[in-house]
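The block underneath contains the structure these notes are about, expressed in structure tokens.
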Amino acid sequence: EAGVAQSPRYKIIEKRQSVAFWCNPISGHATLYWYQQILGQGPKLLIQFQNNGVVDDSQLPKDRFSAERLKGVDSTLKIQPAKLEDSAVYLCASTPANFPEETQYFGPGTRLLVL
Amino acid sequence: SQKIEQNSEALNIQEGKTATLTCNYTNYSPAYLQWYRQDPGRGPVFLLLIRENEKEKRKERLKVTFDTTLKQSLFHITASQPADSATYLCALVLYSSASKIIFGSGTRLSIRP
């Protein structure tokens, strides 16, 4: 079974530029999560999708971050404009329908450095 | 305020000993508690889940306890090996239709030979 795919793996941009990350969850997983993990901290939930609808985006900085999940499959997370404090690893995860009895699966993450 | 605290940033123990990691939380009512392992440059990997009505769960050399009165979970690795060196994260799964997940900041465990 293929895992959660993310791209790119690394991205370096200057502040005020825009950037986009892509995630393809495990086939059949209805729920998709985007997390931000700053160095030395645990993952912080940014947004949660159930199919193509948003379930929770309470911690998403909506003035600069946006996310979509068209057709309920893959998803993109965008930052525009980026700030220095956005430097972090952006993790995508997906879960099957019987979560949390079944775990959530994480992708390898996209490491973003904002200069 | 709501908090999740893991006992220390780093734990260094001798191979063969039991490693014990602590996860404390305040002002949450989790339905489940999960433990994950994270290696450098990789996403977290699920290890164990324990429900609010369970006291203890075991899997091979791993054991998790959950005390909802103390608001604490302990994670034990027995007969520790250098390959167990990693960061370990606890995560609360909250009661809600959305199954919201809140992570602790992690404990970096190093097992020396």
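Residue numbering restarts at 1 in every chain; chains get A, B, ... in the order shown in the structure tokens, and ligands count up from 1 in that same order.
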
Counting only C-alpha atoms, which residues of chain B fall within 10 Å of chain A, and what is the closest atom pair for each with its distance in Å at one decimal, ordered by chain and rising number, as a Markdown table?
```
| residue | atom | partner | partner_atom | distance |
| --- | --- | --- | --- | --- |
| B:Glu9 | CA | A:Gly40 | CA | 8.5 |
| B:Ala31 | CA | A:Pro100 | CA | 9.5 |
| B:Tyr32 | CA | A:Pro100 | CA | 7.8 |
| B:Leu33 | CA | A:Pro100 | CA | 9.5 |
| B:Gln34 | CA | A:Thr103 | CA | 8.8 |
| B:Gln38 | CA | A:Gly42 | CA | 10.0 |
| B:Gly41 | CA | A:Pro108 | CA | 7.2 |
| B:Arg42 | CA | A:Pro108 | CA | 4.9 |
| B:Gly43 | CA | A:Pro108 | CA | 4.8 |
| B:Pro44 | CA | A:Phe106 | CA | 6.2 |
| B:Val45 | CA | A:Phe106 | CA | 7.0 |
| B:Phe46 | CA | A:Thr103 | CA | 6.5 |
| B:Leu47 | CA | A:Thr103 | CA | 8.9 |
| B:Leu48 | CA | A:Thr103 | CA | 8.8 |
| B:Leu49 | CA | A:Glu101 | CA | 7.7 |
| B:Ile50 | CA | A:Glu101 | CA | 9.4 |
| B:Arg51 | CA | A:Glu101 | CA | 9.2 |
| B:Thr87 | CA | A:Gly40 | CA | 9.8 |
| B:Tyr88 | CA | A:Gly42 | CA | 9.6 |
| B:Leu89 | CA | A:Gly42 | CA | 7.1 |
| B:Cys90 | CA | A:Gly42 | CA | 8.9 |
| B:Ala91 | CA | A:Gly42 | CA | 9.1 |
| B:Val93 | CA | A:Pro100 | CA | 7.7 |
| B:Ser97 | CA | A:Val55 | CA | 9.1 |
| B:Ala98 | CA | A:Val55 | CA | 6.5 |
| B:Ser99 | CA | A:Pro100 | CA | 7.6 |
| B:Lys100 | CA | A:Asp56 | CA | 8.3 |
| B:Ile101 | CA | A:Leu45 | CA | 7.5 |
| B:Ile102 | CA | A:Lys44 | CA | 7.2 |
| B:Phe103 | CA | A:Gly42 | CA | 5.6 |
| B:Gly104 | CA | A:Gly42 | CA | 5.4 |
| B:Ser105 | CA | A:Gly42 | CA | 4.0 |
| B:Gly106 | CA | A:Gly42 | CA | 6.1 |
| B:Thr107 | CA | A:Gly40 | CA | 9.4 |
| B:Arg108 | CA | A:Gly40 | CA | 9.4 |
```

**Request:** Report the residues of chain B whose backbone DSSP state falls under strand (DSSP E or B), written as a ChimeraX atom specification.
**Result:** /B:3-6,10-14,19-26,30-38,45-51,56-59,62-67,72-77,86-94,101-103,107-112

**Message:** as a list in words, please: the residues near B:Lys71 (cut-off 10 Å, only C-alpha atoms, same-chain neighbours under 6 positions excluded).
**Reply:** Ile4, Cys23, Asn24, Tyr25, Thr26, Asn27, Tyr28, Ser29 and Pro30 of chain B

**Prompt:** With only C-alpha atoms as the basis for distance, which of B:Leu92, B:Asp84, B:Leu109, B:Ser73 is at the shortest distance from B:Ser8?
**Reply:** B:Leu109

**Message:** So that I can see what lies close to A:Ala82, please list as an MDAnalysis selection string the residues with an atom at most 10 Å from it, counting only C-alpha atoms and leaving out residues fewer than 3 positions away in the same chain.
**Reply:** chainID A and resid 13:19 64:65 78:79 85:87 113:115

Include N, CA, C and O atoms and write out the residues we just selected as an mmCIF file, in the first residue's frame.
```cif
data_model
loop_
_atom_site.group_PDB
_atom_site.id
_atom_site.type_symbol
_atom_site.label_atom_id
_atom_site.label_comp_id
_atom_site.auth_asym_id
_atom_site.auth_seq_id
_atom_site.Cartn_x
_atom_site.Cartn_y
_atom_site.Cartn_z
ATOM 1 N N ILE A 13 12.616 29.934 0.125
ATOM 2 C CA ILE A 13 12.072 31.133 -0.511
ATOM 3 C C ILE A 13 12.462 32.349 0.315
ATOM 4 O O ILE A 13 12.911 32.227 1.459
ATOM 5 N N GLU A 14 12.255 33.511 -0.265
ATOM 6 C CA GLU A 14 12.472 34.743 0.483
ATOM 7 C C GLU A 14 11.132 35.218 1.059
ATOM 8 O O GLU A 14 10.065 34.904 0.508
ATOM 9 N N LYS A 15 11.234 35.966 2.143
ATOM 10 C CA LYS A 15 10.000 36.470 2.764
ATOM 11 C C LYS A 15 9.226 37.304 1.737
ATOM 12 O O LYS A 15 9.808 37.913 0.836
ATOM 13 N N ARG A 16 7.922 37.250 1.899
ATOM 14 C CA ARG A 16 6.958 37.924 1.021
ATOM 15 C C ARG A 16 6.698 37.156 -0.280
ATOM 16 O O ARG A 16 5.792 37.519 -1.022
ATOM 17 N N GLN A 17 7.473 36.107 -0.545
ATOM 18 C CA GLN A 17 7.152 35.280 -1.714
ATOM 19 C C GLN A 17 6.022 34.302 -1.364
ATOM 20 O O GLN A 17 5.641 34.165 -0.198
ATOM 21 N N SER A 18 5.497 33.646 -2.367
ATOM 22 C CA SER A 18 4.449 32.657 -2.140
ATOM 23 C C SER A 18 5.009 31.258 -2.398
ATOM 24 O O SER A 18 6.020 31.087 -3.103
ATOM 25 N N VAL A 19 4.346 30.261 -1.801
ATOM 26 C CA VAL A 19 4.798 28.878 -1.944
ATOM 27 C C VAL A 19 3.570 27.964 -1.827
ATOM 28 O O VAL A 19 2.576 28.316 -1.177
ATOM 29 N N ARG A 64 -2.901 34.623 5.388
ATOM 30 C CA ARG A 64 -1.788 34.277 4.504
ATOM 31 C C ARG A 64 -1.802 32.820 4.060
ATOM 32 O O ARG A 64 -1.153 32.475 3.078
ATOM 33 N N PHE A 65 -2.490 31.963 4.777
ATOM 34 C CA PHE A 65 -2.522 30.543 4.451
ATOM 35 C C PHE A 65 -3.878 30.197 3.830
ATOM 36 O O PHE A 65 -4.926 30.699 4.273
ATOM 37 N N LYS A 78 -1.194 26.588 0.589
ATOM 38 C CA LYS A 78 -0.466 27.729 0.037
ATOM 39 C C LYS A 78 -0.199 28.762 1.125
ATOM 40 O O LYS A 78 -1.042 28.978 2.013
ATOM 41 N N ILE A 79 0.955 29.408 0.997
ATOM 42 C CA ILE A 79 1.304 30.518 1.877
ATOM 43 C C ILE A 79 1.620 31.717 0.991
ATOM 44 O O ILE A 79 2.439 31.627 0.080
ATOM 45 N N GLU A 85 8.747 33.498 10.223
ATOM 46 C CA GLU A 85 8.267 32.532 11.218
ATOM 47 C C GLU A 85 7.503 31.355 10.610
ATOM 48 O O GLU A 85 7.115 30.427 11.336
ATOM 49 N N ASP A 86 7.316 31.365 9.285
ATOM 50 C CA ASP A 86 6.685 30.226 8.622
ATOM 51 C C ASP A 86 7.682 29.098 8.352
ATOM 52 O O ASP A 86 7.283 28.022 7.887
ATOM 53 N N SER A 87 8.964 29.338 8.628
ATOM 54 C CA SER A 87 9.963 28.291 8.451
ATOM 55 C C SER A 87 9.623 27.121 9.370
ATOM 56 O O SER A 87 9.563 27.269 10.594
ATOM 57 N N LEU A 113 12.109 26.765 4.315
ATOM 58 C CA LEU A 113 12.983 27.767 4.920
ATOM 59 C C LEU A 113 12.682 29.103 4.264
ATOM 60 O O LEU A 113 12.756 29.229 3.033
ATOM 61 N N VAL A 114 12.311 30.087 5.081
ATOM 62 C CA VAL A 114 12.015 31.434 4.596
ATOM 63 C C VAL A 114 13.157 32.351 5.006
ATOM 64 O O VAL A 114 13.467 32.464 6.193
ATOM 65 N N LEU A 115 13.796 32.967 4.010
ATOM 66 C CA LEU A 115 14.962 33.829 4.274
ATOM 67 C C LEU A 115 14.595 35.301 4.218
ATOM 68 O O LEU A 115 13.633 35.672 3.504
#
```
